[in-house]
Amino acid sequence: MTLLILDLAGIFFFAVSGSLLAARRNFDIVGSLMLGSFVGLGGGVIRDLIINQGVPLAFSKPVYLLPPLLAAILVFTHALGVQRYRRTLLVFDAAGLALFCVTGTLTAHQAGLNPVSAALLGVTTAVGGGLLRDVVANEVPQVFNPRGVYAIPALLGAGLVSLFTALGVFGPVLGIAVAALVFTLRILSLRYGWRIPLAGRTEAGRNAQP
Amino acid sequence: MTLLILDLAGIFFFAVSGSLLAARRNFDIVGSLMLGSFVGLGGGVIRDLIINQGVPLAFSKPVYLLPPLLAAILVFTHALGVQRYRRTLLVFDAAGLALFCVTGTLTAHQAGLNPVSAALLGVTTAVGGGLLRDVVANEVPQVFNPRGVYAIPALLGAGLVSLFTALGVFGPVLGIAVAALVFTLRILSLRYGWRIPLAGRTEAGRNAQP
Amino acid sequence: MTLLILDLAGIFFFAVSGSLLAARRNFDIVGSLMLGSFVGLGGGVIRDLIINQGVPLAFSKPVYLLPPLLAAILVFTHALGVQRYRRTLLVFDAAGLALFCVTGTLTAHQAGLNPVSAALLGVTTAVGGGLLRDVVANEVPQVFNPRGVYAIPALLGAGLVSLFTALGVFGPVLGIAVAALVFTLRILSLRYGWRIPLAGRTEAGRNAQP
């Protein structure tokens, strides 16, 4: 039950980020609903396909369609601060990331995956939604933006959930605490522009640009 | 049998749209066959993965490979009106959309999904192929183009098929009628430039562009 | 056992191509690890989802995570010739392509697919990783680049593996020979700029560009 609520909340946050991006790109309301659904439900569908436990939840429980619908309505009616699309988008994206690395890892554990694979699937679920959003809207995904950290908080969160579950001490409170930690790290990294080393020599990289 | 024929026809129409886009972007004939196959077969593979009924049809029945092959040959030999790539592409895309929302919903019903989820899977199948085509060719997907309606006719068609099937009155004639309705709505919306409201404030959206 | 080693080697080569692209685009080290994993493991995950034999190997055997990690470290420490990102990237991509069309086809055979479908899945696996890499990094995929041939060597390799397996004469030596042939054809096609006919009239294609 807790898992379902956290999952639906994560879908809602990611769906808002998709609908906000749709608004920023001047898509229409149906495009907004489509992109919100894609972002909110995409990561979970990939997760459910990988754990191979029947039809993905988004396609077997119609309740999963409500968060994207609500997100599209809220964005359309300007109930959210749409003056600052980009900043609001990143906050909702961070909340989705935080919840999905927890619910994704938990779902994988319940499906019997080993702790390492469960954490990996948690990260895949968390990063996957935002990746789909940015790829479909033809932008370079947030996960590859060198400003701020994105995958590291998700890896940490998924690792902690996997560890706590393996130790048998995981519960709703710990789950919410881990999500809050992931969210806080992500937001702080954006606020203060944390950076980690680049993948290659910067100069060579710039010169070799095609 | 009717389902198989409609499915193959839908694959052919989507594959033509993919091969036409390949021609417009100056891809070679193998790139054309690849993009056509990807567009024609991609939506159905996603559908078959989600309903979780064994190996997707495109990978178990080699007959599914013929429509993309035929499409690539027709585009290469200019048997289709390639002077007006873009217009021809949109017509074939509309035909694929119309057939796939019918066959996708039907397949989902036969796999035992509830009516709401079956309609959702029909829309996913119908929209999925064109989305893959545009994402892979690095363009903003048609479904997000505010000129004309795209997802709405597919939603309507999938909803009607789901309703008729739930009522037990669905048959080949009704299926073709629904596909014709979806196709007509999509083409009319392009012809007359139908628009629905944007997802957010237009001005704010334009100013907030990065 | 041979299959596992070839599979891990293919993952490593594709992961290096992903991490090199990440370096060229000035992503950070985590973005490099993410893109490398995505490229190296993505094709195989799609393959395993399609053959529907339980949880994909990348999510059930943690050893599959080592090649992307090694690739990201090698690129970060400049152990590979990063002066010429693009050329090095294409060589590693060719090696991944060569190995994946062999291992993908073999895996599909072992899962009971017919020879035609097995070869198709081999090509899908081989082309899929590089496609994901380029789509996610917002570039037009190599498979659609009219300079050099890409899918043809993969089709040839997958077809040969399928034929040899159907004839019951396939073994490790033949597998490595086929991979070497695919790799050589790909590299020669790049070196000498082989071209095959375009998908449509070039002039019309250029004029119709939006």
# chains A, B, ... in the order shown; residues from 1 in each chain; ligands from 1

$ interface_residues --of "chain A" --to "chain B" --cutoff "10 Å" --atoms "only C-alpha atoms" --output "ChimeraX atom specification"
/A:19-35,38,45-46,48-49,52-62,65,72-78,82-86,135-139

$ closest_residue --among "A:Gly148, A:Gly175, A:Gly193, A:Gly18" --to "Leu99 of chain A" --atoms "only C-alpha atoms"
A:Gly175

$ residues_around --residues "Val39 of chain B" --least-positions-apart "6" --cutoff "9 Å" --atoms "only C-alpha atoms" --output "number ranges by chain"
B: 11, 14-18, 68, 128-134

$ residues_around --residues "Gly157 of chain C" --least-positions-apart "6" --cutoff "7 Å" --atoms "only C-alpha atoms" --output "JSON, numbers by chain"
{"C": [101, 102, 178, 179, 182]}

$ atom_distance --atom1 "atom CA of Ala158 of chain C" --atom2 "atom CA of Thr105 of chain C"
5.9 Å

$ select_by_dssp --residues "chain C" --states "helix (DSSP H, G or I)" --output "JSON, numbers by chain"
{"C": [2, 3, 4, 5, 6, 7, 8, 9, 10, 11, 12, 13, 14, 15, 16, 17, 18, 19, 20, 21, 22, 23, 24, 29, 30, 31, 32, 33, 34, 35, 36, 37, 38, 39, 40, 41, 42, 43, 44, 45, 46, 47, 48, 49, 50, 51, 57, 58, 59, 60, 62, 63, 64, 65, 66, 67, 68, 69, 70, 71, 72, 73, 74, 75, 76, 82, 83, 84, 85, 86, 87, 88, 89, 90, 91, 92, 93, 94, 95, 96, 97, 98, 99, 100, 101, 102, 103, 104, 105, 106, 107, 108, 109, 110, 115, 116, 117, 118, 119, 120, 121, 122, 123, 124, 125, 126, 127, 128, 129, 130, 131, 132, 133, 134, 135, 136, 142, 143, 144, 151, 152, 153, 154, 155, 156, 157, 158, 159, 160, 161, 162, 163, 164, 165, 166, 167, 172, 173, 174, 175, 176, 177, 178, 179, 180, 181, 182, 183, 184, 185, 186, 187, 188, 189, 190, 191, 202, 203, 204, 205, 206, 207]}

$ atom_distance --atom1 "atom CA of Gly44 of chain B" --atom2 "atom CA of Leu70 of chain A"
28.4 Å

$ atom_distance --atom1 "atom CA of Leu69 of chain C" --atom2 "atom CA of Leu8 of chain C"
12.0 Å

$ closest_residue --among "C:Tyr192, C:Ser37, C:Gly171, C:Leu155" --to "Ala98 of chain C" --atoms "only C-alpha atoms"
C:Leu155

$ decode --residues "segment 2-19 of chain B" --atoms "N, CA, C and O atoms" --output "mmCIF file, in the first residue's frame"
data_model
loop_
_atom_site.group_PDB
_atom_site.id
_atom_site.type_symbol
_atom_site.label_atom_id
_atom_site.label_comp_id
_atom_site.auth_asym_id
_atom_site.auth_seq_id
_atom_site.Cartn_x
_atom_site.Cartn_y
_atom_site.Cartn_z
ATOM 1 N N THR B 2 -8.563 -11.484 -40.088
ATOM 2 C CA THR B 2 -8.773 -10.060 -40.358
ATOM 3 C C THR B 2 -7.747 -9.234 -39.576
ATOM 4 O O THR B 2 -7.154 -8.299 -40.110
ATOM 5 N N LEU B 3 -7.536 -9.634 -38.307
ATOM 6 C CA LEU B 3 -6.600 -8.899 -37.462
ATOM 7 C C LEU B 3 -5.200 -8.925 -38.073
ATOM 8 O O LEU B 3 -4.511 -7.892 -38.141
ATOM 9 N N LEU B 4 -4.790 -10.105 -38.571
ATOM 10 C CA LEU B 4 -3.456 -10.228 -39.175
ATOM 11 C C LEU B 4 -3.323 -9.311 -40.386
ATOM 12 O O LEU B 4 -2.328 -8.601 -40.548
ATOM 13 N N ILE B 5 -4.358 -9.324 -41.253
ATOM 14 C CA ILE B 5 -4.304 -8.503 -42.474
ATOM 15 C C ILE B 5 -4.243 -7.011 -42.120
ATOM 16 O O ILE B 5 -3.440 -6.258 -42.666
ATOM 17 N N LEU B 6 -5.118 -6.587 -41.175
ATOM 18 C CA LEU B 6 -5.110 -5.175 -40.774
ATOM 19 C C LEU B 6 -3.773 -4.801 -40.142
ATOM 20 O O LEU B 6 -3.257 -3.698 -40.354
ATOM 21 N N ASP B 7 -3.199 -5.735 -39.367
ATOM 22 C CA ASP B 7 -1.925 -5.484 -38.703
ATOM 23 C C ASP B 7 -0.832 -5.298 -39.760
ATOM 24 O O ASP B 7 -0.060 -4.329 -39.708
ATOM 25 N N LEU B 8 -0.792 -6.207 -40.758
ATOM 26 C CA LEU B 8 0.221 -6.105 -41.809
ATOM 27 C C LEU B 8 0.035 -4.829 -42.625
ATOM 28 O O LEU B 8 1.008 -4.176 -43.016
ATOM 29 N N ALA B 9 -1.228 -4.453 -42.885
ATOM 30 C CA ALA B 9 -1.492 -3.217 -43.635
ATOM 31 C C ALA B 9 -0.989 -2.010 -42.852
ATOM 32 O O ALA B 9 -0.346 -1.113 -43.406
ATOM 33 N N GLY B 10 -1.283 -1.983 -41.549
ATOM 34 C CA GLY B 10 -0.805 -0.879 -40.711
ATOM 35 C C GLY B 10 0.713 -0.798 -40.710
ATOM 36 O O GLY B 10 1.291 0.298 -40.805
ATOM 37 N N ILE B 11 1.372 -1.965 -40.615
ATOM 38 C CA ILE B 11 2.842 -1.998 -40.648
ATOM 39 C C ILE B 11 3.350 -1.419 -41.959
ATOM 40 O O ILE B 11 4.291 -0.626 -41.982
ATOM 41 N N PHE B 12 2.679 -1.801 -43.073
ATOM 42 C CA PHE B 12 3.091 -1.295 -44.385
ATOM 43 C C PHE B 12 2.993 0.235 -44.439
ATOM 44 O O PHE B 12 3.927 0.911 -44.860
ATOM 45 N N PHE B 13 1.853 0.783 -43.979
ATOM 46 C CA PHE B 13 1.670 2.240 -44.052
ATOM 47 C C PHE B 13 2.722 2.973 -43.212
ATOM 48 O O PHE B 13 3.330 3.948 -43.646
ATOM 49 N N PHE B 14 2.940 2.488 -41.977
ATOM 50 C CA PHE B 14 3.959 3.126 -41.135
ATOM 51 C C PHE B 14 5.355 2.974 -41.738
ATOM 52 O O PHE B 14 6.175 3.901 -41.683
ATOM 53 N N ALA B 15 5.620 1.787 -42.325
ATOM 54 C CA ALA B 15 6.940 1.549 -42.916
ATOM 55 C C ALA B 15 7.178 2.506 -44.080
ATOM 56 O O ALA B 15 8.285 3.022 -44.262
ATOM 57 N N VAL B 16 6.120 2.770 -44.885
ATOM 58 C CA VAL B 16 6.270 3.734 -45.978
ATOM 59 C C VAL B 16 6.629 5.103 -45.401
ATOM 60 O O VAL B 16 7.529 5.792 -45.909
ATOM 61 N N SER B 17 5.953 5.496 -44.323
ATOM 62 C CA SER B 17 6.252 6.808 -43.737
ATOM 63 C C SER B 17 7.713 6.870 -43.282
ATOM 64 O O SER B 17 8.382 7.890 -43.444
ATOM 65 N N GLY B 18 8.213 5.755 -42.723
ATOM 66 C CA GLY B 18 9.611 5.713 -42.303
ATOM 67 C C GLY B 18 10.565 5.785 -43.487
ATOM 68 O O GLY B 18 11.548 6.535 -43.463
ATOM 69 N N SER B 19 10.261 5.020 -44.544
ATOM 70 C CA SER B 19 11.151 5.020 -45.708
ATOM 71 C C SER B 19 11.124 6.369 -46.416
ATOM 72 O O SER B 19 12.147 6.819 -46.958
#
